[in-house]
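Have a look at query.pdb below; it lists PDB, C-alpha atoms.
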```pdb
MODEL        1
ATOM      1  CA  MET A   4       0.000   0.000   0.000
ATOM      2  CA  SER A   5       2.779   2.425   0.973
ATOM      3  CA  GLU A   6       4.574   1.672  -2.318
ATOM      4  CA  LEU A   7       1.394   2.580  -4.210
ATOM      5  CA  VAL A   8       1.239   5.909  -2.338
ATOM      6  CA  ILE A   9       4.890   6.590  -3.208
ATOM      7  CA  ARG A  10       4.166   5.837  -6.892
ATOM      8  CA  PHE A  11       1.124   8.142  -6.778
ATOM      9  CA  CYS A  12       3.117  11.014  -5.259
ATOM     10  CA  VAL A  13       6.206  10.614  -7.472
ATOM     11  CA  GLY A  14       4.070  10.242 -10.615
ATOM     12  CA  GLY A  15       1.896  13.219  -9.709
ATOM     13  CA  ALA A  16       4.932  15.407  -8.971
ATOM     14  CA  ILE A  17       6.760  14.598 -12.233
ATOM     15  CA  VAL A  18       3.611  14.995 -14.354
ATOM     16  CA  SER A  19       2.856  18.337 -12.660
ATOM     17  CA  ALA A  20       6.430  19.530 -13.285
ATOM     18  CA  PHE A  21       6.190  18.798 -17.028
ATOM     19  CA  ALA A  22       2.729  20.426 -17.144
ATOM     20  CA  LEU A  23       4.175  23.579 -15.523
ATOM     21  CA  ILE A  24       7.011  23.710 -18.070
ATOM     22  CA  SER A  25       4.463  23.225 -20.856
ATOM     23  CA  ASP A  26       2.433  26.217 -19.606
ATOM     24  CA  LEU A  27       5.497  28.440 -20.048
ATOM     25  CA  PHE A  28       5.990  27.876 -23.788
ATOM     26  CA  LYS A  29       4.418  29.408 -26.832
ATOM     27  CA  PRO A  30       3.272  28.574 -29.512
ATOM     28  CA  LYS A  31       0.755  25.880 -28.617
ATOM     29  CA  THR A  32       2.247  23.199 -30.858
ATOM     30  CA  PHE A  33       5.610  23.539 -29.061
ATOM     31  CA  ALA A  34       3.910  23.468 -25.635
ATOM     32  CA  GLY A  35       2.039  20.398 -26.870
ATOM     33  CA  LEU A  36       5.332  18.483 -27.124
ATOM     34  CA  PHE A  37       5.168  18.203 -23.315
ATOM     35  CA  GLY A  38       1.852  16.342 -23.612
ATOM     36  CA  ALA A  39       4.030  13.463 -24.795
ATOM     37  CA  ALA A  40       6.751  13.966 -22.165
ATOM     38  CA  PRO A  41       8.074  10.797 -20.508
ATOM     39  CA  SER A  42       6.626  11.863 -17.133
ATOM     40  CA  VAL A  43       4.865   8.614 -16.156
ATOM     41  CA  ALA A  44       7.787   6.635 -17.610
ATOM     42  CA  LEU A  45      10.374   8.541 -15.530
ATOM     43  CA  ALA A  46       8.460   7.885 -12.311
ATOM     44  CA  SER A  47       7.742   4.238 -13.118
ATOM     45  CA  LEU A  48      11.187   3.321 -14.460
ATOM     46  CA  ALA A  49      12.977   4.975 -11.539
ATOM     47  CA  LEU A  50      10.920   2.937  -9.081
ATOM     48  CA  VAL A  51      11.306  -0.292 -11.105
ATOM     49  CA  ILE A  52      15.100   0.154 -11.203
ATOM     50  CA  SER A  53      15.287   0.805  -7.462
ATOM     51  CA  LYS A  54      12.942  -2.052  -6.440
ATOM     52  CA  GLN A  55      13.458  -4.668  -9.167
ATOM     53  CA  SER A  56      16.066  -4.804 -11.941
ATOM     54  CA  THR A  57      17.258  -3.093 -15.102
ATOM     55  CA  ILE A  58      16.090  -6.120 -17.140
ATOM     56  CA  VAL A  59      12.492  -5.501 -16.022
ATOM     57  CA  ALA A  60      12.933  -1.806 -16.862
ATOM     58  CA  ALA A  61      14.204  -2.743 -20.350
ATOM     59  CA  THR A  62      11.182  -5.017 -20.881
ATOM     60  CA  GLU A  63       8.820  -2.216 -19.860
ATOM     61  CA  ALA A  64      10.634   0.287 -22.097
ATOM     62  CA  ARG A  65      10.395  -2.057 -25.105
ATOM     63  CA  SER A  66       6.595  -2.178 -24.732
ATOM     64  CA  MET A  67       6.502   1.541 -24.006
ATOM     65  CA  ALA A  68       7.838   2.203 -27.529
ATOM     66  CA  LEU A  69       4.692   0.518 -28.882
ATOM     67  CA  GLY A  70       2.522   2.539 -26.479
ATOM     68  CA  ALA A  71       4.215   5.693 -27.783
ATOM     69  CA  ILE A  72       3.344   4.768 -31.392
ATOM     70  CA  ALA A  73      -0.263   4.370 -30.207
ATOM     71  CA  LEU A  74       0.065   7.805 -28.568
ATOM     72  CA  LEU A  75       1.111   9.268 -31.925
ATOM     73  CA  CYS A  76      -2.077   7.847 -33.512
ATOM     74  CA  TYR A  77      -4.185   9.094 -30.574
ATOM     75  CA  ALA A  78      -2.801  12.646 -30.605
ATOM     76  CA  TRP A  79      -3.063  12.958 -34.381
ATOM     77  CA  LEU A  80      -6.670  11.655 -34.279
ATOM     78  CA  VAL A  81      -7.678  14.094 -31.506
ATOM     79  CA  SER A  82      -6.097  17.015 -33.379
ATOM     80  CA  TRP A  83      -7.782  16.097 -36.666
ATOM     81  CA  VAL A  84     -11.261  15.391 -35.230
ATOM     82  CA  VAL A  85     -11.332  18.577 -33.091
ATOM     83  CA  MET A  86     -10.375  20.714 -36.116
ATOM     84  CA  ARG A  87     -12.444  18.883 -38.736
ATOM     85  CA  PHE A  88     -15.712  18.485 -36.799
ATOM     86  CA  ARG A  89     -15.328  21.406 -34.358
ATOM     87  CA  LEU A  90     -16.184  19.190 -31.384
ATOM     88  CA  PRO A  91     -15.279  20.042 -27.753
ATOM     89  CA  ALA A  92     -11.828  18.634 -26.925
ATOM     90  CA  LEU A  93     -13.095  16.666 -23.896
ATOM     91  CA  LYS A  94     -15.732  14.855 -26.002
ATOM     92  CA  VAL A  95     -13.002  13.755 -28.401
ATOM     93  CA  ALA A  96     -10.031  13.155 -26.084
ATOM     94  CA  VAL A  97     -11.774  10.828 -23.598
ATOM     95  CA  PRO A  98     -13.514   8.401 -26.029
ATOM     96  CA  ALA A  99     -10.339   8.378 -28.170
ATOM     97  CA  LEU A 100      -8.526   6.725 -25.226
ATOM     98  CA  LEU A 101     -10.206   3.527 -26.489
ATOM     99  CA  VAL A 102      -8.384   4.043 -29.797
ATOM    100  CA  TRP A 103      -5.088   4.298 -27.904
ATOM    101  CA  MET A 104      -5.872   1.060 -26.051
ATOM    102  CA  GLY A 105      -6.875  -0.711 -29.284
ATOM    103  CA  VAL A 106      -3.764   0.391 -31.200
ATOM    104  CA  ALA A 107      -1.423  -0.301 -28.253
ATOM    105  CA  ALA A 108      -2.865  -3.774 -27.577
ATOM    106  CA  GLY A 109      -2.935  -4.585 -31.305
ATOM    107  CA  LEU A 110       0.713  -3.581 -31.741
ATOM    108  CA  TRP A 111       1.691  -5.545 -28.640
ATOM    109  CA  TYR A 112       0.024  -8.722 -29.902
ATOM    110  CA  ALA A 113       1.475  -8.245 -33.393
ATOM    111  CA  VAL A 114       5.044  -7.458 -32.312
ATOM    112  CA  LEU A 115       5.544  -9.019 -28.872
ATOM    113  CA  GLY A 116       2.590 -11.403 -28.488
ATOM    114  CA  SER A 117       4.451 -14.378 -29.945
ATOM    115  CA  ILE A 118       7.600 -13.708 -27.839
ATOM    116  CA  GLU A 119       5.843 -13.367 -24.481
TER     117      GLU A 119
ATOM    118  CA  MET B   1       8.141  34.062 -33.277
ATOM    119  CA  LEU B   2       9.755  30.652 -33.177
ATOM    120  CA  VAL B   3       9.537  29.681 -29.502
ATOM    121  CA  ALA B   4       8.854  32.053 -26.606
ATOM    122  CA  ILE B   5       8.596  31.729 -22.835
ATOM    123  CA  ASN B   6       5.573  33.442 -21.359
ATOM    124  CA  THR B   7       4.629  33.250 -17.668
ATOM    125  CA  SER B   8       1.049  34.430 -18.301
ATOM    126  CA  GLY B   9       0.138  30.805 -19.036
ATOM    127  CA  LEU B  10       0.916  29.961 -15.404
ATOM    128  CA  LYS B  11      -1.322  32.748 -14.118
ATOM    129  CA  GLN B  12      -4.280  31.363 -16.092
ATOM    130  CA  THR B  13      -3.997  27.963 -14.406
ATOM    131  CA  ARG B  14      -6.071  27.625 -11.217
ATOM    132  CA  TRP B  15      -5.129  25.591  -8.149
ATOM    133  CA  TYR B  16      -7.687  22.868  -8.866
ATOM    134  CA  GLU B  17      -6.272  22.453 -12.371
ATOM    135  CA  PHE B  18      -2.819  21.833 -10.877
ATOM    136  CA  ALA B  19      -4.452  19.387  -8.434
ATOM    137  CA  THR B  20      -6.230  17.591 -11.301
ATOM    138  CA  ARG B  21      -2.963  17.123 -13.189
ATOM    139  CA  PHE B  22      -1.213  15.892 -10.029
ATOM    140  CA  ALA B  23      -4.023  13.415  -9.302
ATOM    141  CA  LEU B  24      -4.182  12.164 -12.910
ATOM    142  CA  GLY B  25      -0.406  11.756 -13.084
ATOM    143  CA  GLY B  26      -0.402   9.890  -9.775
ATOM    144  CA  LEU B  27      -3.319   7.665 -10.783
ATOM    145  CA  VAL B  28      -1.768   6.729 -14.144
ATOM    146  CA  THR B  29       1.608   5.944 -12.523
ATOM    147  CA  ALA B  30       0.024   3.865  -9.757
ATOM    148  CA  GLY B  31      -2.370   2.232 -12.254
ATOM    149  CA  ALA B  32       0.496   1.309 -14.609
ATOM    150  CA  ALA B  33       2.272  -0.340 -11.669
ATOM    151  CA  GLN B  34      -0.855  -2.333 -10.773
ATOM    152  CA  ILE B  35      -1.302  -3.496 -14.387
ATOM    153  CA  THR B  36       2.389  -4.488 -14.504
ATOM    154  CA  ASP B  37       1.969  -6.485 -11.281
ATOM    155  CA  LYS B  38      -1.085  -8.315 -12.646
ATOM    156  CA  LEU B  39      -0.165  -8.769 -16.330
ATOM    157  CA  GLY B  40       3.634  -8.577 -16.326
ATOM    158  CA  PRO B  41       6.144  -5.891 -17.342
ATOM    159  CA  SER B  42       5.787  -6.556 -21.068
ATOM    160  CA  PHE B  43       2.081  -5.659 -21.301
ATOM    161  CA  GLY B  44       2.239  -3.178 -18.403
ATOM    162  CA  GLY B  45       4.993  -1.246 -20.180
ATOM    163  CA  LEU B  46       2.449  -0.058 -22.745
ATOM    164  CA  PHE B  47       0.880   2.109 -20.041
ATOM    165  CA  LEU B  48       4.063   4.150 -19.556
ATOM    166  CA  ALA B  49       2.856   5.986 -22.694
ATOM    167  CA  PHE B  50      -0.822   6.228 -21.651
ATOM    168  CA  PRO B  51      -2.232   9.599 -22.774
ATOM    169  CA  ALA B  52      -4.379  10.474 -19.721
ATOM    170  CA  ILE B  53      -2.432  13.680 -19.127
ATOM    171  CA  LEU B  54      -2.842  14.707 -22.744
ATOM    172  CA  ALA B  55      -6.622  14.363 -22.509
ATOM    173  CA  ALA B  56      -6.624  16.723 -19.510
ATOM    174  CA  SER B  57      -4.108  19.060 -21.139
ATOM    175  CA  VAL B  58      -6.025  19.640 -24.398
ATOM    176  CA  THR B  59      -9.225  20.256 -22.437
ATOM    177  CA  LEU B  60      -7.514  22.887 -20.238
ATOM    178  CA  VAL B  61      -5.860  24.566 -23.249
ATOM    179  CA  GLU B  62      -9.235  24.814 -25.002
ATOM    180  CA  LYS B  63     -10.873  26.266 -21.859
ATOM    181  CA  HIS B  64      -8.146  28.872 -21.268
ATOM    182  CA  GLU B  65      -8.154  30.004 -24.883
ATOM    183  CA  ARG B  66     -11.966  30.250 -24.968
ATOM    184  CA  GLU B  67     -12.092  32.207 -21.700
ATOM    185  CA  GLY B  68      -9.350  34.565 -22.925
ATOM    186  CA  LYS B  69     -11.342  35.427 -26.039
ATOM    187  CA  GLU B  70     -14.629  35.743 -24.139
ATOM    188  CA  LYS B  71     -13.045  38.246 -21.726
ATOM    189  CA  LYS B  72     -12.357  40.425 -24.754
ATOM    190  CA  GLY B  73     -16.010  40.091 -25.793
ATOM    191  CA  LEU B  74     -15.209  37.685 -28.628
ATOM    192  CA  HIS B  75     -16.664  34.288 -29.436
ATOM    193  CA  GLY B  76     -13.929  31.923 -28.299
ATOM    194  CA  VAL B  77     -15.289  28.473 -29.161
ATOM    195  CA  ILE B  78     -13.519  28.150 -32.532
ATOM    196  CA  ARG B  79     -10.240  29.611 -31.208
ATOM    197  CA  GLY B  80     -10.422  27.236 -28.237
ATOM    198  CA  GLY B  81     -10.813  24.261 -30.570
ATOM    199  CA  GLN B  82      -7.897  25.433 -32.708
ATOM    200  CA  ALA B  83      -5.679  25.764 -29.631
ATOM    201  CA  ALA B  84      -6.647  22.261 -28.427
ATOM    202  CA  ALA B  85      -5.949  20.818 -31.885
ATOM    203  CA  ALA B  86      -2.561  22.589 -31.995
ATOM    204  CA  ASP B  87      -1.700  21.198 -28.546
ATOM    205  CA  ALA B  88      -2.599  17.661 -29.667
ATOM    206  CA  ALA B  89      -0.616  18.100 -32.914
ATOM    207  CA  GLY B  90       2.394  19.071 -30.780
ATOM    208  CA  ALA B  91       1.895  15.941 -28.679
ATOM    209  CA  ALA B  92       1.850  13.843 -31.866
ATOM    210  CA  MET B  93       5.290  15.262 -32.714
ATOM    211  CA  GLY B  94       6.437  14.734 -29.118
ATOM    212  CA  SER B  95       5.377  11.098 -29.265
ATOM    213  CA  LEU B  96       8.159  10.470 -31.804
ATOM    214  CA  GLY B  97      10.519  11.669 -29.086
ATOM    215  CA  LEU B  98       8.808   9.292 -26.672
ATOM    216  CA  VAL B  99       9.434   6.356 -29.043
ATOM    217  CA  SER B 100      13.128   7.378 -29.086
ATOM    218  CA  PHE B 101      13.162   7.630 -25.268
ATOM    219  CA  ALA B 102      11.756   4.110 -24.917
ATOM    220  CA  CYS B 103      14.138   2.593 -27.508
ATOM    221  CA  PHE B 104      17.135   4.289 -25.850
ATOM    222  CA  VAL B 105      16.192   2.883 -22.426
ATOM    223  CA  ALA B 106      15.414  -0.599 -23.780
ATOM    224  CA  ILE B 107      18.771  -0.811 -25.597
ATOM    225  CA  PHE B 108      21.142   0.744 -23.061
ATOM    226  CA  ILE B 109      19.724   0.136 -19.576
ATOM    227  CA  PRO B 110      20.698  -3.554 -19.168
ATOM    228  CA  ASN B 111      24.459  -2.847 -19.526
ATOM    229  CA  HIS B 112      24.970   0.754 -18.414
ATOM    230  CA  ASN B 113      24.489   2.997 -15.388
ATOM    231  CA  PRO B 114      20.656   3.236 -15.047
ATOM    232  CA  ALA B 115      20.659   6.857 -13.812
ATOM    233  CA  LEU B 116      22.808   7.981 -16.759
ATOM    234  CA  VAL B 117      20.623   6.052 -19.208
ATOM    235  CA  ILE B 118      17.447   7.715 -17.868
ATOM    236  CA  VAL B 119      19.038  11.177 -18.087
ATOM    237  CA  GLY B 120      20.368  10.407 -21.579
ATOM    238  CA  ALA B 121      16.973   9.132 -22.729
ATOM    239  CA  THR B 122      15.302  12.325 -21.466
ATOM    240  CA  VAL B 123      17.810  14.383 -23.455
ATOM    241  CA  VAL B 124      17.087  12.210 -26.516
ATOM    242  CA  TRP B 125      13.339  12.808 -26.026
ATOM    243  CA  ALA B 126      13.903  16.585 -25.856
ATOM    244  CA  LEU B 127      16.189  16.629 -28.916
ATOM    245  CA  VAL B 128      13.985  14.421 -31.107
ATOM    246  CA  SER B 129      10.727  16.164 -30.094
ATOM    247  CA  SER B 130      12.040  19.673 -30.620
ATOM    248  CA  GLY B 131      13.902  18.537 -33.761
ATOM    249  CA  VAL B 132      10.683  17.254 -35.329
ATOM    250  CA  TRP B 133       8.909  20.456 -34.293
ATOM    251  CA  PHE B 134      11.599  22.721 -35.775
ATOM    252  CA  ALA B 135      11.775  20.623 -38.939
ATOM    253  CA  ARG B 136       8.040  21.057 -39.434
ATOM    254  CA  LYS B 137       8.265  24.742 -38.589
ATOM    255  CA  LYS B 138      11.047  25.260 -41.116
ATOM    256  CA  LYS B 139       9.061  23.317 -43.709
ATOM    257  CA  LEU B 140      11.877  20.814 -44.123
ATOM    258  CA  CYS B 141       9.215  18.133 -44.265
ATOM    259  CA  ARG B 142       7.320  19.823 -47.097
ATOM    260  CA  ARG B 143       8.119  17.164 -49.672
ATOM    261  CA  PHE B 144       7.153  14.368 -47.315
ATOM    262  CA  ARG B 145       3.944  16.119 -46.320
ATOM    263  CA  PHE B 146       3.087  16.700 -49.966
ATOM    264  CA  LYS B 147       3.308  12.980 -50.647
ATOM    265  CA  THR B 148       1.357  11.890 -47.582
ATOM    266  CA  GLY B 149      -1.220  14.648 -47.271
ATOM    267  CA  LYS B 150      -1.812  16.548 -44.015
ATOM    268  CA  LEU B 151       0.367  14.235 -41.943
ATOM    269  CA  SER B 152       1.067  16.616 -39.110
ATOM    270  CA  GLY B 153      -2.525  17.714 -38.524
ATOM    271  CA  THR B 154      -4.450  20.706 -39.711
ATOM    272  CA  ALA B 155      -3.501  22.960 -36.838
ATOM    273  CA  GLY B 156      -0.603  25.245 -37.574
ATOM    274  CA  PRO B 157       1.705  26.680 -34.923
TER     275      PRO B 157
ENDMDL
END
```
Step by step, read the file and then write its structure as structure tokens.
Amino acid sequence: MSELVIRFCVGGAIVSAFALISDLFKPKTFAGLFGAAPSVALASLALVISKQSTIVAATEARSMALGAIALLCYAWLVSWVVMRFRLPALKVAVPALLVWMGVAAGLWYAVLGSIE
Amino acid sequence: MLVAINTSGLKQTRWYEFATRFALGGLVTAGAAQITDKLGPSFGGLFLAFPAILAASVTLVEKHEREGKEKKGLHGVIRGGQAAAADAAGAAMGSLGLVSFACFVAIFIPNHNPALVIVGATVVWALVSSGVWFARKKKLCRRFRFKTGKLSGTAGP
């Protein structure tokens, strides 16, 4: 339980730090780069390295690359749909999380499913 | 203007918006750990690139932009949408940096100093992300974009 609290606090702090940096930059597309900052990864990998091993961290990072490709699809989709259909960002960004999950899981099964 | 630093963006953000980002970041990090515990590091690793923060970020950007225009007596809905789309387009470029970050860690962490690898990977993320952004800004990708259509989204910087 205490480890979960530590993860929550470390993750929240790193994500907040990147969000603060993002707020400082203009134009919006440059600030948007920080929406894909490795904030959750930094918190998670640091804790995995300290508690487990670098091999586990490497395994997580390998899958993270596939998650990041899914993030590319997600971010591009959100940008395109919000501009094309003039929908509120929240109504696009939240349902599109299912697209991220579908692409990420699909890539994982296609690339790593047979290895694991 | 290429890139500028402006502290007015910080003044627009309210305390509960900071709290929301902190809570979301904490929940995603703790949730990724739980998924890794249940399903293993290979599948759980996917969630290190989960876009929960991005969903919150584009919503806040849209709100701030809309409110800014409405304070000036203008209709800010369209401008808000454009700002949100631009933010998401930036994240799409940043995700290429995130792929580089992950590959760097996966390749180098088993045989090198973990702290140095993490720092190096963060530098790689920053260089690749900003490199892609500057390349697009300088229209170096024009030929590629011409062949593939509106690859980098419809929202300009």
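The shortest atom-to-atom distance to chain A, with all atoms listed in the file taken into account, belongs to B:Ala30 out of B:Val124, B:Ala30, B:Leu74, B:Ala135.
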message: So, with all atoms listed in the file as the atoms that count, which of B:Ala92, B:Leu2, B:Ala19, B:Leu116 lies closest to chain A?
response: B:Ala92
Check which residues satisfy the PyMOL selection byres ((chain A) within 7 of (chain B)) in the file shown, then give them as a PDB file with C-alpha atoms, in the frame of the given file.
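Final file, selection-v3.pdb:
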```
ATOM      1  CA  LEU A   7       1.394   2.580  -4.210  1.00  0.00           C
ATOM      2  CA  ARG A  10       4.166   5.837  -6.892  1.00  0.00           C
ATOM      3  CA  PHE A  11       1.124   8.142  -6.778  1.00  0.00           C
ATOM      4  CA  CYS A  12       3.117  11.014  -5.259  1.00  0.00           C
ATOM      5  CA  GLY A  14       4.070  10.242 -10.615  1.00  0.00           C
ATOM      6  CA  GLY A  15       1.896  13.219  -9.709  1.00  0.00           C
ATOM      7  CA  ALA A  16       4.932  15.407  -8.971  1.00  0.00           C
ATOM      8  CA  VAL A  18       3.611  14.995 -14.354  1.00  0.00           C
ATOM      9  CA  SER A  19       2.856  18.337 -12.660  1.00  0.00           C
ATOM     10  CA  ASP A  26       2.433  26.217 -19.606  1.00  0.00           C
ATOM     11  CA  LEU A  27       5.497  28.440 -20.048  1.00  0.00           C
ATOM     12  CA  PHE A  28       5.990  27.876 -23.788  1.00  0.00           C
ATOM     13  CA  LYS A  29       4.418  29.408 -26.832  1.00  0.00           C
ATOM     14  CA  PRO A  30       3.272  28.574 -29.512  1.00  0.00           C
ATOM     15  CA  LYS A  31       0.755  25.880 -28.617  1.00  0.00           C
ATOM     16  CA  THR A  32       2.247  23.199 -30.858  1.00  0.00           C
ATOM     17  CA  PHE A  33       5.610  23.539 -29.061  1.00  0.00           C
ATOM     18  CA  ALA A  34       3.910  23.468 -25.635  1.00  0.00           C
ATOM     19  CA  GLY A  35       2.039  20.398 -26.870  1.00  0.00           C
ATOM     20  CA  LEU A  36       5.332  18.483 -27.124  1.00  0.00           C
ATOM     21  CA  PHE A  37       5.168  18.203 -23.315  1.00  0.00           C
ATOM     22  CA  GLY A  38       1.852  16.342 -23.612  1.00  0.00           C
ATOM     23  CA  ALA A  39       4.030  13.463 -24.795  1.00  0.00           C
ATOM     24  CA  ALA A  40       6.751  13.966 -22.165  1.00  0.00           C
ATOM     25  CA  PRO A  41       8.074  10.797 -20.508  1.00  0.00           C
ATOM     26  CA  VAL A  43       4.865   8.614 -16.156  1.00  0.00           C
ATOM     27  CA  ALA A  44       7.787   6.635 -17.610  1.00  0.00           C
ATOM     28  CA  SER A  47       7.742   4.238 -13.118  1.00  0.00           C
ATOM     29  CA  THR A  57      17.258  -3.093 -15.102  1.00  0.00           C
ATOM     30  CA  ILE A  58      16.090  -6.120 -17.140  1.00  0.00           C
ATOM     31  CA  VAL A  59      12.492  -5.501 -16.022  1.00  0.00           C
ATOM     32  CA  ALA A  61      14.204  -2.743 -20.350  1.00  0.00           C
ATOM     33  CA  THR A  62      11.182  -5.017 -20.881  1.00  0.00           C
ATOM     34  CA  GLU A  63       8.820  -2.216 -19.860  1.00  0.00           C
ATOM     35  CA  ALA A  64      10.634   0.287 -22.097  1.00  0.00           C
ATOM     36  CA  ARG A  65      10.395  -2.057 -25.105  1.00  0.00           C
ATOM     37  CA  SER A  66       6.595  -2.178 -24.732  1.00  0.00           C
ATOM     38  CA  MET A  67       6.502   1.541 -24.006  1.00  0.00           C
ATOM     39  CA  ALA A  68       7.838   2.203 -27.529  1.00  0.00           C
ATOM     40  CA  LEU A  69       4.692   0.518 -28.882  1.00  0.00           C
ATOM     41  CA  GLY A  70       2.522   2.539 -26.479  1.00  0.00           C
ATOM     42  CA  ALA A  71       4.215   5.693 -27.783  1.00  0.00           C
ATOM     43  CA  ILE A  72       3.344   4.768 -31.392  1.00  0.00           C
ATOM     44  CA  LEU A  74       0.065   7.805 -28.568  1.00  0.00           C
ATOM     45  CA  LEU A  75       1.111   9.268 -31.925  1.00  0.00           C
ATOM     46  CA  ALA A  78      -2.801  12.646 -30.605  1.00  0.00           C
ATOM     47  CA  TRP A  79      -3.063  12.958 -34.381  1.00  0.00           C
ATOM     48  CA  VAL A  81      -7.678  14.094 -31.506  1.00  0.00           C
ATOM     49  CA  SER A  82      -6.097  17.015 -33.379  1.00  0.00           C
ATOM     50  CA  TRP A  83      -7.782  16.097 -36.666  1.00  0.00           C
ATOM     51  CA  VAL A  85     -11.332  18.577 -33.091  1.00  0.00           C
ATOM     52  CA  MET A  86     -10.375  20.714 -36.116  1.00  0.00           C
ATOM     53  CA  ARG A  89     -15.328  21.406 -34.358  1.00  0.00           C
ATOM     54  CA  PRO A  91     -15.279  20.042 -27.753  1.00  0.00           C
ATOM     55  CA  ALA A  92     -11.828  18.634 -26.925  1.00  0.00           C
ATOM     56  CA  LEU A  93     -13.095  16.666 -23.896  1.00  0.00           C
ATOM     57  CA  ALA A  96     -10.031  13.155 -26.084  1.00  0.00           C
ATOM     58  CA  VAL A  97     -11.774  10.828 -23.598  1.00  0.00           C
ATOM     59  CA  ALA A 107      -1.423  -0.301 -28.253  1.00  0.00           C
TER      60      ALA A 107
END
```
Could you give me the centre and size, in Å to one decimal, of an axis-aligned box around all listed atoms of segment 85-94 of chain B with 5 Å added on every side, as lines of an AutoDock Vina configuration file?
```
center_x = 0.2
center_y = 18.2
center_z = -30.7
size_x = 22.4
size_y = 18.7
size_z = 14.4
```
message: So the first atom is atom CA of Leu90 of chain A and the second is atom CA of Arg79 of chain B; what is the distance between them in Å, to one decimal place?
response: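 Atom CA of Arg79 of chain B lies 12.0 Å from atom CA of Leu90 of chain A.
One distance worth recording is that between atom CA of Ile24 of chain A and atom CA of Gly131 of chain B, which is 17.9 Å.
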task: Give me, please, the distance in Å between atom CA of Lys54 of chain A and atom CA of Ile9 of chain A, quoted to one decimal.
output: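 Taking atom CA of Lys54 of chain A and atom CA of Ile9 of chain A, their separation equals 12.2 Å.
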field: Using all atoms listed in the file: which of A:Ala22, A:Ile118, A:Leu50, A:Ala73 has the shortest distance to Trp103 of chain A
entry: A:Ala73
